[in-house]
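Accompanying notes for the structure given below.
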Amino acid sequence: MDLANAYAALVADLPAVFSMGIVALVGLVMVGLDSFRNNHPAIPWMGVGALALGAVWEVAHLGAPQGTAFFDTIRTGGFAAFINLIVLLTGLATILLSNPYLSRLKRDYGEVYALIMYATVGMLLLGVANDMISIFLGLETMSVCLYVLTGLVREDEGAVESALKYFLLGAFATGFFLYGIALMYGATGTLTLPAMAQAELATPTSQLLFWGGLGLFLVGFFFKVSAAPFHMWTPDVYQGAPTPLTGYMSTASKAAAFAALILVLFYAVPGGEATMVLAVIAVITMVLGNVMALSQRNVKRMLAYSSIAHAGYVLVGLAAGSSAGYSGALFYLLVYAIMNIGAFGVMGLLEWDEKQGREQTLSSLAGIGEQRPLLGTTMGIFMFSLIGFPPLGGFIGKYLVFAPAVEAGLTWLVVIGVLMSATSAYYYLRVVYVFWMQSPDDVEAEGYTEAALPQATPAALGTLVVCAVALLVLGVFFGGVIETTAAFFDATAMATAP
């Protein structure tokens, strides 16, 4: 590496991390302001402004050519802009939904919003990483912030238990992750993703090191995206964490982690050698997630198992090992982020048990659609989209991950995916049924009263409406997004990229 013009190169590369830089800078300003004016009401709006500015910047760079920056440690161009856009918009929605929720819990701390900002910085780095060190730094920056946010309500035993489980199992998974990186580096002599694919594995020992390292590396990634059988932390953590923050960790972190996995599979492991591993994990994840969700009485826990199942659907697209599969996975991540951030947002605004919804059952919300029609309507849209019901974005997303798998000869995998999607209709439609077709007189009283429901702010309600409308738009006018994501993996463009 030539460091003669290092400083000039660093300055020239700064626009590549504009969004990351502005989010990190505003997070630092939040901490400074909070130290002088504790829990200042302007702090969350500073985060909203920074995330919105970053999102506008990324929209303007969706058509930028592929490239690298900072000595090939991160990727630039349309792929990076698309993933950054998902993460930034998810963080923006989370702050808007969290503000009334945390105020009601008296946990509206300035540090919470700063942690959201720095978790977002980690996700932005993870989603555009071009070498293993960048992947690790992004992953751990994100994870440490999420560990703290999970245990935000320290007086609640469920929150503390969730945070402890998340931290211990996350640290254990990081060990696998790092050991896998070490073995891959030992086999190839490089940490840069494209260089790994070009390294010659001339001996059986080097091949064993590389593929063994890749296996351990995937274990760490499967943990982060809640893929079975590395999912055991997900239901407990999602159930015990503050509800809007649960939506954040189930969407933004998953989008960033899957983006990094796509980059590794596309650049470091070309040729689809990992197809069968991904297909097997996809089957286990889809089946376990959907079957376990059937019996859940708590909506947050049901959505946790649903999140596991949707990780399996994304893996179906990755198992295809084709540009169309990767492109479809990106579209699915966008739609999934909108669906889940909306679903958890609704549940946050319907939470009355004062325990982060941990003990609140679905039946306790019988008839809520008539009492809160806007929340009931948006929740219905989110549930139908999660099923994959046309003409919503969820239907297009599932088609785009299933179709490439059929073309790759994985018809059996798609059949299982379709059957599991049909199975999921039971527990998603059950939410709609309870909200709109069941009367409170039909269920056993659980201490719920209309006065116990929190008051939603216009910003929170507006966020849910925007998410619902976005799903309708993506389900009808999806062509432009598909063309954009497909261009990221165009053979000519990728051949000229570093």
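Numbering starts fresh at 1 for the residues of each chain in the structure tokens, the chains themselves are lettered A, B, ... in the order given, and ligands are numbered from 1 as they appear.
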Shell of 10 Å around stretch 429-435 of chain A, only C-alpha atoms, local chain residues under 2 positions omitted, as a VMD selection string: chain A and resid 294 299 362 to 373 375 to 377 379 to 384 387 424 to 427 437 to 440 443
Mind checking DSSP for stretch 91-297 of chain A and telling me the alpha helix (DSSP H) residues as a ChimeraX atom specification? /A:91-105,110-127,132-150,157-188,193-198,204-224,234-240,243-263,275-293
Counting only C-alpha atoms, figure out which residue out of A:Phe71, A:Phe389, A:Phe176, A:Phe478 gets nearest to A:Tyr428.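 Using only C-alpha atoms, A:Tyr428 sits closest to A:Phe389.
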Near-A:Ala227 list (9 Å; only C-alpha atoms; drop same-chain fewer than 3 positions) as a PyMOL selection string: chain A and resi 221-224+230-231+281-282+284-286+289+308-309+311-312+315
Could you take the residues named above and write them with C-alpha atoms, as an mmCIF file, in the first residue's frame?
```
data_model
loop_
_atom_site.group_PDB
_atom_site.id
_atom_site.type_symbol
_atom_site.label_atom_id
_atom_site.label_comp_id
_atom_site.auth_asym_id
_atom_site.auth_seq_id
_atom_site.Cartn_x
_atom_site.Cartn_y
_atom_site.Cartn_z
ATOM 1 C CA PHE A 221 -23.346 -13.966 10.390
ATOM 2 C CA PHE A 222 -26.217 -16.415 10.788
ATOM 3 C CA PHE A 223 -26.401 -15.410 14.443
ATOM 4 C CA LYS A 224 -26.676 -11.727 13.563
ATOM 5 C CA PHE A 230 -28.457 -19.800 15.607
ATOM 6 C CA HIS A 231 -31.700 -17.999 16.419
ATOM 7 C CA ILE A 281 -30.067 -23.102 6.481
ATOM 8 C CA ALA A 282 -32.917 -21.385 4.598
ATOM 9 C CA ILE A 284 -34.444 -24.859 8.685
ATOM 10 C CA THR A 285 -34.975 -21.136 9.262
ATOM 11 C CA MET A 286 -38.251 -20.890 7.342
ATOM 12 C CA GLY A 289 -39.664 -19.637 12.369
ATOM 13 C CA ILE A 308 -36.558 -15.586 11.788
ATOM 14 C CA ALA A 309 -38.765 -16.930 8.998
ATOM 15 C CA ALA A 311 -34.414 -14.329 7.217
ATOM 16 C CA GLY A 312 -35.012 -17.717 5.622
ATOM 17 C CA LEU A 315 -31.505 -16.794 2.219
#
```
Which parts of stretch 49-223 of chain A does DSSP call strand (DSSP E or B) when run on the backbone here, written out as a list in words? Gly67, Thr68, Ala69, Ile74, Arg75, Thr76, Ala129, Asp131 and Thr192 of chain A
Just-selected residues, C-alpha atoms written as a PDB file, in the first residue's frame:
```pdb
ATOM      1  CA  GLY A  67     -15.973   1.702  -6.646  1.00  0.00           C
ATOM      2  CA  THR A  68     -14.001   1.623  -3.431  1.00  0.00           C
ATOM      3  CA  ALA A  69     -12.624   4.204  -1.013  1.00  0.00           C
ATOM      4  CA  ILE A  74     -15.316   0.194   1.868  1.00  0.00           C
ATOM      5  CA  ARG A  75     -17.430   0.111  -1.266  1.00  0.00           C
ATOM      6  CA  THR A  76     -19.043   3.095  -2.923  1.00  0.00           C
ATOM      7  CA  ALA A 129     -17.517  -3.118   3.902  1.00  0.00           C
ATOM      8  CA  ASP A 131     -12.646  -6.114   3.739  1.00  0.00           C
ATOM      9  CA  THR A 192      -9.880  -7.685   1.076  1.00  0.00           C
TER      10      THR A 192
END
```
Neighbours of stretch 29-38 of chain A within 10 Å (only C-alpha atoms; same-chain residues fewer than 5 positions away dropped), as a PyMOL selection string? chain A and resi 23-24+43-44+46-47+109-115+117
Excluding stretch 321-336 of chain A and its own-chain neighbours fewer than 6 positions away, which residues fall within 6 Å of it when counting only C-alpha atoms? Please give them as a list in words. Ala255, Gly272, Val314, Gly397, Leu400, Val401, Pro404, Thr485, Ala486 and Phe489 of chain A
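Here atom CA of A:Val153 stands at a distance of 11.0 Å from atom CA of A:Asp108.
Nearest residue to A:Leu97 among A:Val48, A:Leu261, A:Ala228, A:Ala268 is A:Val48, counting only C-alpha atoms.
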Which residue gives the smallest distance to A:Leu392 among A:Ile86, A:Gly475, A:Phe177, A:Asn340, with only C-alpha atoms counted? A:Gly475
If you count only C-alpha atoms, which residues fall within 12 Å of A:Leu14, apart from same-chain ones fewer than 4 positions away, as a VMD selection string? chain A and resid 7 to 10 18 to 22 68 to 70 74 76
